[in-house]
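Pasting protein-v4.txt here (compact mmCIF, C-alpha atoms):
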```
# COMPACT_ATOMS: atom_id res chain seq x y z
CA MET S 1 -55.22 6.01 74.47
CA ARG S 2 -51.57 5.22 74.53
CA ARG S 3 -48.67 5.65 76.95
CA GLY S 4 -44.96 5.00 77.11
CA ASP S 5 -42.91 6.14 74.12
CA ALA S 6 -45.74 8.39 72.99
CA ARG S 7 -45.42 10.33 69.79
CA LEU S 8 -47.51 13.12 71.30
CA VAL S 9 -46.40 16.25 73.05
CA LEU S 10 -48.17 16.25 76.41
CA LEU S 11 -50.33 19.34 76.66
CA ALA S 12 -51.93 21.20 79.56
CA ALA S 13 -52.28 18.63 82.36
CA CYS S 14 -49.84 16.25 80.63
CA PHE S 15 -52.75 14.31 79.21
CA ALA S 16 -51.45 11.85 76.60
CA ILE S 17 -54.40 10.44 74.76
CA ALA S 18 -52.25 8.37 72.42
CA LEU S 19 -49.99 5.49 73.46
CA ALA S 20 -47.18 4.85 70.99
CA GLY S 21 -48.12 1.88 68.86
CA CYS S 22 -46.06 -1.23 68.52
CA THR S 23 -45.56 -0.78 64.78
CA THR S 24 -46.31 1.50 61.90
CA GLU S 25 -46.26 -1.25 59.30
CA PRO S 26 -49.42 -1.67 57.25
CA ALA S 27 -51.56 -4.39 58.77
CA GLY S 28 -53.17 -7.25 56.94
CA THR S 29 -56.64 -6.38 55.73
CA ALA S 30 -59.62 -8.04 57.35
CA GLY S 31 -62.55 -7.92 54.98
CA GLY S 32 -66.10 -9.13 54.82
CA ARG S 33 -67.13 -8.57 58.42
CA SER S 34 -70.72 -8.43 59.55
CA GLY S 35 -72.45 -7.90 62.85
CA PRO S 36 -74.46 -10.84 64.15
CA GLY S 37 -75.43 -11.08 67.78
CA ALA S 38 -77.32 -7.79 68.02
CA THR S 39 -80.35 -7.75 70.23
CA SER S 40 -82.40 -5.71 67.78
CA GLY S 41 -82.19 -3.39 64.80
CA THR S 42 -79.93 -3.51 61.75
CA ALA S 43 -76.33 -4.53 62.28
CA PRO S 44 -73.59 -2.37 60.80
CA GLY S 45 -72.06 -4.03 57.82
CA SER S 46 -75.42 -4.68 56.18
CA GLY S 47 -75.04 -1.68 53.89
CA SER S 48 -78.54 -0.40 54.66
CA PRO S 49 -79.14 3.07 56.06
CA SER S 50 -80.62 3.68 59.46
CA PRO S 51 -84.37 3.91 58.84
CA ALA S 52 -84.69 7.35 60.48
CA VAL S 53 -81.92 8.93 58.43
CA SER S 54 -82.27 10.46 55.00
CA SER S 55 -80.12 8.73 52.40
CA ARG S 56 -79.64 11.94 50.38
CA PRO S 57 -75.99 12.45 49.41
CA LEU S 58 -74.07 15.05 51.40
CA ASP S 59 -71.66 17.47 49.73
CA LEU S 60 -68.70 16.82 52.00
CA ALA S 61 -66.17 18.02 49.42
CA GLY S 62 -67.77 21.45 49.54
CA LEU S 63 -67.89 21.63 53.35
CA SER S 64 -65.46 23.74 55.37
CA ILE S 65 -65.22 23.61 59.18
CA SER S 66 -63.55 26.22 61.34
CA LEU S 67 -63.45 26.86 65.08
CA GLU S 68 -64.68 30.07 66.70
CA GLU S 69 -63.43 31.04 70.15
CA PHE S 70 -66.06 30.54 72.83
CA THR S 71 -64.26 30.42 76.18
CA SER S 72 -61.31 28.93 78.04
CA VAL S 73 -61.03 26.96 81.29
CA GLU S 74 -58.24 25.64 83.48
CA GLY S 75 -57.27 22.04 84.04
CA GLY S 76 -57.39 20.52 80.54
CA PRO S 77 -61.01 20.40 79.28
CA LEU S 78 -62.05 17.11 77.74
CA GLY S 79 -65.81 16.88 78.02
CA ILE S 80 -69.00 18.93 77.81
CA ALA S 81 -72.47 18.27 79.21
CA ALA S 82 -75.40 20.57 78.48
CA PRO S 83 -78.59 20.62 80.56
CA ASP S 84 -81.82 20.99 78.60
CA ASP S 85 -83.17 23.71 80.90
CA ASP S 86 -83.28 26.85 78.71
CA THR S 87 -80.23 28.35 80.42
CA GLY S 88 -77.82 27.74 77.55
CA ARG S 89 -75.09 26.88 80.06
CA LEU S 90 -72.45 24.22 79.60
CA PHE S 91 -70.78 22.05 82.23
CA ILE S 92 -67.16 21.57 81.12
CA ALA S 93 -65.19 18.69 82.65
CA ALA S 94 -61.44 19.20 83.06
CA GLN S 95 -58.96 16.38 83.41
CA ASP S 96 -57.59 17.72 86.69
CA GLY S 97 -60.93 17.05 88.43
CA ARG S 98 -62.76 20.36 88.20
CA ILE S 99 -66.08 20.93 86.44
CA TRP S 100 -66.61 24.46 85.17
CA VAL S 101 -69.84 26.26 84.27
CA ALA S 102 -69.91 28.46 81.18
CA ASP S 103 -72.94 30.62 80.46
CA ALA S 104 -74.38 31.00 76.97
CA ASP S 105 -72.20 34.06 76.33
CA GLY S 106 -69.03 32.12 77.16
CA SER S 107 -68.43 33.67 80.56
CA VAL S 108 -67.06 31.12 83.02
CA HIS S 109 -68.11 31.18 86.65
CA LYS S 110 -65.28 32.10 89.02
CA ASP S 111 -65.59 28.93 91.10
CA PRO S 112 -65.98 25.44 89.62
CA ALA S 113 -69.22 23.53 90.01
CA VAL S 114 -67.19 20.94 91.90
CA ASP S 115 -63.53 20.25 92.60
CA LEU S 116 -62.59 16.57 92.82
CA ARG S 117 -58.83 17.02 92.74
CA ASP S 118 -58.43 15.61 96.24
CA ARG S 119 -59.87 12.23 95.26
CA LEU S 120 -58.43 11.45 91.85
CA MET S 121 -55.15 10.90 90.04
CA SER S 122 -54.62 13.24 87.10
CA GLY S 123 -52.02 13.33 84.36
CA GLY S 124 -51.04 11.13 81.46
CA GLU S 125 -54.23 9.30 80.61
CA GLN S 126 -55.80 9.59 84.04
CA GLY S 127 -58.07 12.08 85.70
CA LEU S 128 -61.69 13.15 85.37
CA LEU S 129 -62.55 11.46 82.08
CA GLY S 130 -66.33 11.51 81.80
CA LEU S 131 -69.37 13.60 82.74
CA ALA S 132 -73.06 13.04 82.05
CA LEU S 133 -76.18 14.69 83.43
CA HIS S 134 -79.20 12.60 84.30
CA PRO S 135 -81.87 12.86 81.56
CA GLY S 136 -84.23 14.36 84.13
CA PHE S 137 -81.75 17.04 85.18
CA PRO S 138 -82.25 19.35 87.00
CA GLY S 139 -85.44 17.70 88.28
CA ASP S 140 -83.25 14.73 89.01
CA PRO S 141 -80.26 16.61 90.44
CA ARG S 142 -77.57 14.02 89.68
CA ALA S 143 -74.50 14.33 87.54
CA PHE S 144 -72.42 11.23 86.84
CA VAL S 145 -68.63 11.27 86.63
CA ASN S 146 -65.98 8.75 85.62
CA TYR S 147 -62.53 9.30 87.09
CA THR S 148 -59.35 7.46 88.06
CA ASP S 149 -58.91 7.40 91.81
CA LYS S 150 -55.68 7.81 93.78
CA ASN S 151 -54.76 4.21 92.98
CA GLY S 152 -55.41 4.64 89.27
CA ASP S 153 -58.61 2.59 89.27
CA SER S 154 -61.83 3.70 87.56
CA VAL S 155 -64.77 5.01 89.54
CA ILE S 156 -68.21 5.93 88.22
CA ALA S 157 -70.06 8.02 90.78
CA SER S 158 -73.01 10.37 91.08
CA LEU S 159 -73.02 13.87 92.54
CA ALA S 160 -76.06 15.94 93.49
CA VAL S 161 -76.68 19.61 92.79
CA ASP S 162 -76.46 21.97 95.74
CA PRO S 163 -80.12 22.81 96.52
CA ASN S 164 -79.05 26.40 97.18
CA ASP S 165 -76.97 26.86 94.03
CA PRO S 166 -77.93 25.26 90.68
CA ASN S 167 -74.39 25.77 89.40
CA ARG S 168 -72.67 23.70 92.06
CA PHE S 169 -72.48 20.00 92.86
CA GLU S 170 -71.96 18.93 96.45
CA PRO S 171 -68.85 16.70 96.71
CA GLN S 172 -70.11 15.13 99.93
CA THR S 173 -73.07 13.65 98.03
CA GLU S 174 -70.84 11.38 95.96
CA GLU S 175 -72.26 7.89 95.61
CA GLN S 176 -70.12 5.23 93.96
CA ILE S 177 -71.95 3.44 91.16
CA LEU S 178 -69.20 1.22 89.77
CA PHE S 179 -65.57 0.46 90.64
CA LEU S 180 -63.27 -1.09 88.08
CA ASP S 181 -59.69 -2.17 88.75
CA GLN S 182 -57.27 -0.85 86.13
CA PRO S 183 -54.18 -3.03 85.57
CA PHE S 184 -52.27 -0.30 83.70
CA PRO S 185 -52.44 3.51 83.69
CA ASN S 186 -53.59 3.82 80.07
CA HIS S 187 -56.60 2.85 77.97
CA ASN S 188 -59.06 3.96 80.63
CA GLY S 189 -61.70 5.20 78.18
CA GLY S 190 -63.91 7.02 80.66
CA ASP S 191 -66.68 8.59 78.59
CA LEU S 192 -70.25 8.61 79.91
CA HIS S 193 -73.52 9.27 78.06
CA PHE S 194 -77.18 8.72 78.71
CA GLY S 195 -78.83 7.07 75.75
CA PRO S 196 -82.26 7.88 74.33
CA ASP S 197 -83.50 4.89 76.36
CA GLY S 198 -82.61 6.71 79.59
CA TYR S 199 -79.82 4.30 80.53
CA LEU S 200 -76.23 5.24 81.34
CA TYR S 201 -73.62 4.06 78.83
CA ALA S 202 -70.05 3.78 80.12
CA PHE S 203 -67.06 3.34 77.81
CA PHE S 204 -63.96 1.48 78.97
CA GLY S 205 -60.68 0.68 77.23
CA ASP S 206 -58.99 -2.70 77.35
CA GLY S 207 -57.00 -2.00 80.52
CA GLY S 208 -53.82 -0.76 78.89
CA SER S 209 -50.24 -1.63 78.17
CA GLY S 210 -50.20 -2.46 74.44
CA GLY S 211 -51.91 -5.09 72.31
CA ASP S 212 -54.39 -6.05 75.07
CA PRO S 213 -52.10 -8.51 76.92
CA GLN S 214 -54.91 -9.60 79.24
CA GLY S 215 -57.30 -10.31 76.36
CA ASN S 216 -60.01 -8.10 77.87
CA GLY S 217 -61.45 -6.89 74.59
CA GLN S 218 -62.77 -10.33 73.66
CA ASN S 219 -63.44 -11.55 77.21
CA ARG S 220 -67.15 -11.28 77.98
CA ASP S 221 -66.47 -11.91 81.67
CA ALA S 222 -64.41 -8.69 81.89
CA LEU S 223 -65.81 -5.15 81.86
CA LEU S 224 -62.63 -3.69 80.37
CA GLY S 225 -62.69 -3.23 76.61
CA LYS S 226 -66.47 -2.80 76.62
CA VAL S 227 -69.37 -0.42 76.41
CA LEU S 228 -71.61 -0.92 79.44
CA ARG S 229 -75.32 -0.13 79.74
CA LEU S 230 -76.57 0.55 83.26
CA ASP S 231 -79.91 1.45 84.82
CA VAL S 232 -78.90 3.89 87.55
CA ASP S 233 -82.49 4.54 88.63
CA HIS S 234 -83.19 1.02 89.87
CA PRO S 235 -80.63 -0.57 92.21
CA SER S 236 -80.42 -4.34 92.27
CA GLY S 237 -79.34 -6.20 95.40
CA ASP S 238 -76.10 -4.72 96.66
CA ARG S 239 -75.46 -2.92 93.37
CA PRO S 240 -76.52 0.73 93.00
CA TYR S 241 -77.60 -0.04 89.44
CA SER S 242 -79.27 -2.85 87.53
CA ALA S 243 -78.73 -4.37 84.11
CA PRO S 244 -81.56 -3.26 81.83
CA SER S 245 -83.78 -5.72 80.05
CA GLY S 246 -82.35 -6.24 76.59
CA ASN S 247 -78.70 -6.25 77.58
CA PRO S 248 -77.28 -9.01 75.37
CA PHE S 249 -75.66 -11.15 78.07
CA LEU S 250 -78.31 -10.74 80.72
CA ASP S 251 -79.02 -14.46 80.84
CA GLY S 252 -75.42 -15.65 80.81
CA ASP S 253 -72.38 -16.03 78.52
CA GLY S 254 -70.98 -12.76 79.83
CA ARG S 255 -71.37 -9.93 82.34
CA ASP S 256 -74.88 -8.56 82.36
CA GLU S 257 -73.67 -4.93 82.28
CA ILE S 258 -72.11 -5.34 78.82
CA TRP S 259 -73.68 -3.72 75.74
CA LEU S 260 -70.81 -3.89 73.20
CA VAL S 261 -67.53 -5.83 73.17
CA GLY S 262 -64.20 -5.61 71.37
CA MET S 263 -63.18 -2.04 72.22
CA ARG S 264 -59.54 -0.94 72.48
CA ASN S 265 -59.93 2.56 73.87
CA PRO S 266 -63.19 4.32 72.98
CA TRP S 267 -62.26 8.00 73.20
CA ARG S 268 -65.25 10.32 72.90
CA ASN S 269 -68.58 8.98 71.80
CA SER S 270 -72.08 10.27 71.18
CA PHE S 271 -75.69 9.45 70.47
CA ASP S 272 -77.31 10.95 67.40
CA ARG S 273 -80.19 12.88 68.93
CA THR S 274 -82.36 12.24 65.84
CA THR S 275 -81.79 8.53 65.20
CA GLY S 276 -80.46 7.24 68.53
CA ASP S 277 -77.43 5.72 66.78
CA LEU S 278 -74.31 5.35 68.93
CA TRP S 279 -71.06 6.68 67.41
CA ILE S 280 -67.69 5.60 68.82
CA GLY S 281 -64.16 6.79 68.12
CA ASP S 282 -61.92 3.85 69.02
CA VAL S 283 -58.20 4.66 69.28
CA GLY S 284 -55.94 2.29 67.34
CA GLN S 285 -52.76 0.49 68.36
CA GLY S 286 -49.99 1.42 65.94
CA ALA S 287 -51.33 1.87 62.46
CA TRP S 288 -55.06 2.60 62.16
CA GLU S 289 -57.76 4.73 63.78
CA GLU S 290 -61.43 3.80 63.49
CA VAL S 291 -64.99 5.03 63.92
CA ASP S 292 -67.69 2.51 64.81
CA VAL S 293 -71.46 2.80 64.90
CA ALA S 294 -74.08 0.75 66.72
CA ARG S 295 -77.46 1.60 65.28
CA ALA S 296 -80.22 2.52 67.70
CA GLY S 297 -81.13 -0.35 70.00
CA VAL S 298 -78.46 -2.70 68.66
CA GLY S 299 -76.42 -4.37 71.39
CA GLY S 300 -74.16 -7.40 71.48
CA LEU S 301 -71.93 -6.25 68.63
CA ASN S 302 -68.26 -7.21 68.64
CA MET S 303 -66.13 -4.33 67.31
CA GLY S 304 -63.12 -6.56 66.80
CA TRP S 305 -60.25 -5.62 69.11
CA ASN S 306 -57.78 -7.35 69.55
CA ARG S 307 -58.46 -9.64 66.61
CA THR S 308 -58.50 -6.61 64.37
CA GLU S 309 -57.30 -3.01 64.41
CA ALA S 310 -59.89 -1.13 62.37
CA ASN S 311 -60.34 -3.19 59.16
CA HIS S 312 -56.96 -4.93 59.50
CA CYS S 313 -55.86 -8.10 61.20
CA TYR S 314 -53.95 -7.69 64.43
CA PRO S 315 -51.05 -8.24 64.99
CA PRO S 316 -49.98 -6.72 61.67
CA GLY S 317 -49.39 -9.29 58.96
CA SER S 318 -51.28 -12.03 60.78
CA ASP S 319 -54.33 -13.95 59.61
CA CYS S 320 -57.48 -13.49 61.65
CA SER S 321 -61.03 -14.74 61.74
CA THR S 322 -63.54 -11.97 61.22
CA ASP S 323 -66.59 -14.13 61.87
CA GLY S 324 -69.05 -12.30 64.07
CA LEU S 325 -67.19 -8.97 63.99
CA THR S 326 -68.70 -5.61 63.12
CA PRO S 327 -66.41 -3.49 60.94
CA PRO S 328 -65.81 0.23 61.39
CA VAL S 329 -67.66 2.55 59.04
CA THR S 330 -64.49 4.55 58.44
CA GLU S 331 -60.79 4.48 59.29
CA TYR S 332 -57.59 6.40 58.64
CA SER S 333 -53.95 5.44 58.84
CA HIS S 334 -51.24 7.02 60.94
CA ASP S 335 -50.11 8.90 57.87
CA LEU S 336 -52.98 11.28 58.74
CA GLY S 337 -52.80 11.24 62.53
CA CYS S 338 -52.43 9.00 65.55
CA THR S 339 -55.46 9.24 67.86
CA VAL S 340 -59.08 9.48 66.81
CA VAL S 341 -61.41 11.76 68.78
CA GLY S 342 -65.01 10.75 68.22
CA GLY S 343 -67.53 13.47 67.50
CA TYR S 344 -71.21 14.08 66.74
CA VAL S 345 -73.78 14.02 64.00
CA TYR S 346 -74.77 17.65 63.61
CA ARG S 347 -78.45 18.26 64.38
CA GLY S 348 -78.33 21.99 65.05
CA THR S 349 -79.95 24.67 62.91
CA LYS S 350 -77.30 27.37 62.39
CA TYR S 351 -75.45 25.64 59.57
CA PRO S 352 -77.67 23.90 56.98
CA ALA S 353 -74.59 22.72 55.04
CA LEU S 354 -73.57 20.67 58.08
CA ALA S 355 -76.99 19.10 58.70
CA GLY S 356 -76.77 15.35 59.12
CA VAL S 357 -72.95 15.20 58.88
CA TYR S 358 -70.85 13.22 61.37
CA LEU S 359 -67.72 15.15 62.44
CA PHE S 360 -64.70 13.74 64.23
CA ALA S 361 -61.03 14.66 64.58
CA ASP S 362 -57.48 13.53 65.25
CA TYR S 363 -55.78 14.60 68.48
CA CYS S 364 -52.23 14.73 67.13
CA THR S 365 -52.73 16.62 63.89
CA GLY S 366 -55.92 18.55 64.56
CA ARG S 367 -57.46 17.32 61.34
CA ILE S 368 -61.25 17.47 61.36
CA PHE S 369 -62.99 14.80 59.29
CA ALA S 370 -66.53 14.24 58.07
CA ILE S 371 -68.53 11.27 56.82
CA ASP S 372 -72.13 10.68 55.79
CA PRO S 373 -73.67 8.72 58.70
CA ALA S 374 -76.67 7.49 56.71
CA THR S 375 -75.06 4.36 55.31
CA ASP S 376 -73.23 1.42 56.81
CA LYS S 377 -71.02 0.93 53.78
CA PHE S 378 -67.36 1.67 54.43
CA ARG S 379 -66.28 5.14 53.26
CA GLU S 380 -63.10 7.13 53.44
CA PRO S 381 -63.17 10.16 55.76
CA VAL S 382 -63.16 13.59 54.14
CA GLU S 383 -60.90 16.21 55.69
CA VAL S 384 -62.99 19.36 56.15
CA GLY S 385 -60.96 21.53 58.54
CA SER S 386 -58.26 21.83 61.17
CA GLY S 387 -58.40 22.71 64.83
CA GLY S 388 -54.74 22.47 65.83
CA ASN S 389 -53.20 19.61 67.78
CA GLY S 390 -54.57 18.78 71.20
CA ILE S 391 -58.25 18.39 70.29
CA SER S 392 -59.57 16.39 73.21
CA SER S 393 -63.32 16.23 72.70
CA PHE S 394 -66.43 17.39 70.91
CA GLY S 395 -69.51 18.58 72.74
CA GLU S 396 -73.13 19.39 71.96
CA ASP S 397 -75.34 22.02 73.55
CA ALA S 398 -79.06 21.75 74.19
CA ALA S 399 -79.82 23.18 70.74
CA GLY S 400 -77.61 20.69 68.92
CA GLU S 401 -74.78 23.12 68.16
CA LEU S 402 -71.29 21.65 68.41
CA TYR S 403 -68.16 22.59 70.35
CA VAL S 404 -64.55 21.42 70.44
CA THR S 405 -62.27 21.32 73.49
CA LEU S 406 -58.48 21.47 73.41
CA LEU S 407 -56.20 20.47 76.26
CA ASN S 408 -54.64 23.94 76.30
CA GLY S 409 -57.94 25.15 77.80
CA ASP S 410 -59.70 26.45 74.70
CA VAL S 411 -63.36 25.70 74.10
CA SER S 412 -64.53 26.64 70.61
CA ARG S 413 -67.74 26.64 68.63
CA VAL S 414 -67.87 24.63 65.43
CA VAL S 415 -68.62 26.84 62.43
CA ALA S 416 -69.55 25.47 59.00
CA SER S 417 -69.42 27.09 55.58
CA THR S 418 -69.26 26.00 51.96
CA ARG S 419 -66.29 26.34 49.63
```
Serialized structure, structure tokens:
Amino acid sequence: MRRGDARLVLLAACFAIALAGCTTEPAGTAGGRSGPGATSGTAPGSGSPSPAVSSRPLDLAGLSISLEEFTSVEGGPLGIAAPDDDTGRLFIAAQDGRIWVADADGSVHKDPAVDLRDRLMSGGEQGLLGLALHPGFPGDPRAFVNYTDKNGDSVIASLAVDPNDPNRFEPQTEEQILFLDQPFPNHNGGDLHFGPDGYLYAFFGDGGSGGDPQGNGQNRDALLGKVLRLDVDHPSGDRPYSAPSGNPFLDGDGRDEIWLVGMRNPWRNSFDRTTGDLWIGDVGQGAWEEVDVARAGVGGLNMGWNRTEANHCYPPGSDCSTDGLTPPVTEYSHDLGCTVVGGYVYRGTKYPALAGVYLFADYCTGRIFAIDPATDKFREPVEVGSGGNGISSFGEDAAGELYVTLLNGDVSRVVASTR
């Protein structure tokens, strides 16, 4: 995300996902990257498909995506969590600190599930930025949130369901899991997801300003500019979490919470429910937007920032070493937009033409893009639709159907057809 002289019009709760970049000049190209250092699996850049994914070609040129009105909520929606409990309901996180409940028919409950406005700072790139339900939910009654507190610092905390109302979380049950000092008010990241391994993945930007002045992206002793992997079911010492076995720096050479390094500002991410692959939309600095993938079980990858911006050396025009870096699987320049919004691989059943396609979007232009996720070879994104500017997030319900949120309050279903 970007701040300052932003090119974006601030929508709804004045949430500016994109910070104006330092330059719009084409950057030098960084080629030939690969992904050593993974704990297991096949590193992106190898050109081989994920073993669990069909390599059949997808007809992206014949795919058309549109958005169908589902509901609307207050406060600037930017995240969706869906319990797998046969209710069909969605928990919709709004930037201002409220979490709304929408039933399967789109009706929104009058009162929010919880209202955290009294404990967070909202506006610009701050607020309630992430929501994830425990994999055992509602048997395990915890929801996990990531927000910027009154001082602008990041807090990951858990909340428990009200035992008398399954559609409400009790604010007094908040338990802080992780606190992270934020040196600047932008590049907070904030997304949260539970992986297929049952661990909580937390996504943090590089701490802000522009160009990563503190060098957090490449600093393994800093949690900023990283994807973290936490076991929130087994506290360790004075920490309410532990670092799972298999975390790449568990035995030294970095913080044991770290799963991936080299992130600038990962804005909206997802796990493919079929393969377990982790998809990341990482917002660029001034010229390029990128999508990264870490195949299932692969940790320790370095996604490049701030040595590279997407597939290009950073700063623009400089020479850079790409040894040990994992390249994005796709990118687009600021001729097509300015802030990537990561999406999902479609695994629902309503739209066979969309099966196995990874969708993502651009916040500024509303362009919706698609790629085939079954190969690690670089490919250009295919524009397949438009959702209007202000797309803030994608979401997935329990059946694998997809949704899009916009900061003006709209929540829409993704609809696919052929053309």
Next item on the list: Tell me which of S:Gly281, S:Gly342, S:Gly366, S:Gly304 sits closest to Gly324 of chain S, counting only C-alpha atoms.
Entry: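 So, comparing all the options, the nearest one is S:Gly304.
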Check: Of the candidates S:Asp277, S:Glu74, S:Glu380, S:Asp372, which one gets nearest to Glu289 of chain S if we count only C-alpha atoms?
Finding: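 Ranking S:Asp277, S:Glu74, S:Glu380, S:Asp372 by distance to Glu289 of chain S, first place goes to S:Glu380.
Every protein or nucleic acid residue with an atom no more than 10 Å from Asp221 of chain S, counting only C-alpha atoms and leaving out same-chain residues fewer than 3 positions away, appears here: Asn216, Gln218, Leu224, Phe249, Gly252, Asp253, Gly254, Arg255, Asp256 and Ile258 of chain S.
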Hey, what's within 12 Å of Asp105 of chain S if we count all atoms listed in the file and toss same-chain stuff fewer than 6 positions away? As a compact mmCIF listing (two decimals) with C-alpha atoms, keeping the file's coordinate frame, please?
```txt
# COMPACT_ATOMS: atom_id res chain seq x y z
CA GLU S 69 -63.43 31.04 70.15
CA PHE S 70 -66.06 30.54 72.83
CA THR S 71 -64.26 30.42 76.18
CA THR S 87 -80.23 28.35 80.42
CA GLY S 88 -77.82 27.74 77.55
CA ARG S 89 -75.09 26.88 80.06
CA LEU S 90 -72.45 24.22 79.60
CA ARG S 413 -67.74 26.64 68.63
```
Notebook entry, point to check: So which residues fall inside 6 Å of (-69.3, 5.2, 76.3) if we count all atoms listed in the file? Mind giving them as a list in words?
Noted result: Asp191, Leu192, Tyr201, Ala202, Phe203, Val227 and Asn269 of chain S
Note to self: Just checking: using only C-alpha atoms, which residue out of S:Pro328, S:Gly395, S:Gly210, S:Gly409 ends up closest to Leu359 of chain S?
What the structure shows: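 Once distances to Leu359 of chain S are computed over only C-alpha atoms, the minimum belongs to S:Gly395.
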Padding 6 Å on each side, edges along x, y and z: where is the centre of the box around the listed atoms of segment 57-65 of chain S, and how long are its edges in Å to one decimal? Output it as lines of an AutoDock Vina configuration file.
```
center_x = -70.6
center_y = 18.1
center_z = 54.3
size_x = 22.8
size_y = 23.3
size_z = 21.8
```
Margin query: Measuring between all atoms listed in the file, which one of S:Glu68, S:Pro171, S:Gly198, S:His109 shows the shortest distance to Gly136 of chain S?
Written below: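 Among S:Glu68, S:Pro171, S:Gly198, S:His109, it is S:Gly198 that comes nearest to Gly136 of chain S.
Using only C-alpha atoms, the nearest neighbour of Leu260 of chain S within the list S:Gly300, S:Gly284, S:Pro57, S:Gly400 is S:Gly300.
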Item checked: Nearest residue to Gly195 of chain S from the set S:Val293, S:Val261, S:Leu78, S:Leu278 (distances using all atoms listed in the file) -> S:Leu278
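When the distance limit is 8 Å and only C-alpha atoms are what count, the residues near Cys320 of chain S, minus those fewer than 5 positions from it on the same chain, are Ala30, Arg307, Thr308, Cys313 and Tyr314 of chain S.
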Next item on the list: Enter the distance from atom CA of Ser72 of chain S to atom CA of Asn146 of chain S, in Å, rounded to one decimal.
Entry: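 That distance, rounded to one decimal, is 22.1 Å.
The two atoms in question, atom CA of Arg98 of chain S and atom CA of Gly75 of chain S, are spaced 7.1 Å apart.
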Margin query: Need to verify the contact set: Met303 of chain S, 6 Å, only C-alpha atoms, exclusion of same-chain residues closer than 4 positions in sequence. Can you return it as a PyMOL selection string?
Written below: chain S and resi 262+325-326
Save out the residues we just selected, C-alpha atoms, as a short mmCIF file (atom, residue, chain, number, x, y, z; two decimals), in the coordinates of the input.
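result.cif, freshly written:
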```
data_model
loop_
_atom_site.label_atom_id
_atom_site.label_comp_id
_atom_site.auth_asym_id
_atom_site.auth_seq_id
_atom_site.Cartn_x
_atom_site.Cartn_y
_atom_site.Cartn_z
CA GLY S 262 -64.20 -5.61 71.37
CA LEU S 325 -67.19 -8.97 63.99
CA THR S 326 -68.70 -5.61 63.12
#
```
Margin query: List as a ChimeraX atom specification the protein and nucleic acid residues near Ala160 of chain S, meaning an atom at most 12 Å away when all atoms listed in the file are counted, but skip any in the same chain fewer than 3 places from it.
Written below: /S:113-114,133-134,137-145,157,163-175
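For the pair atom CA of His234 of chain S and atom CA of Leu129 of chain S, the interatomic distance is 24.4 Å.
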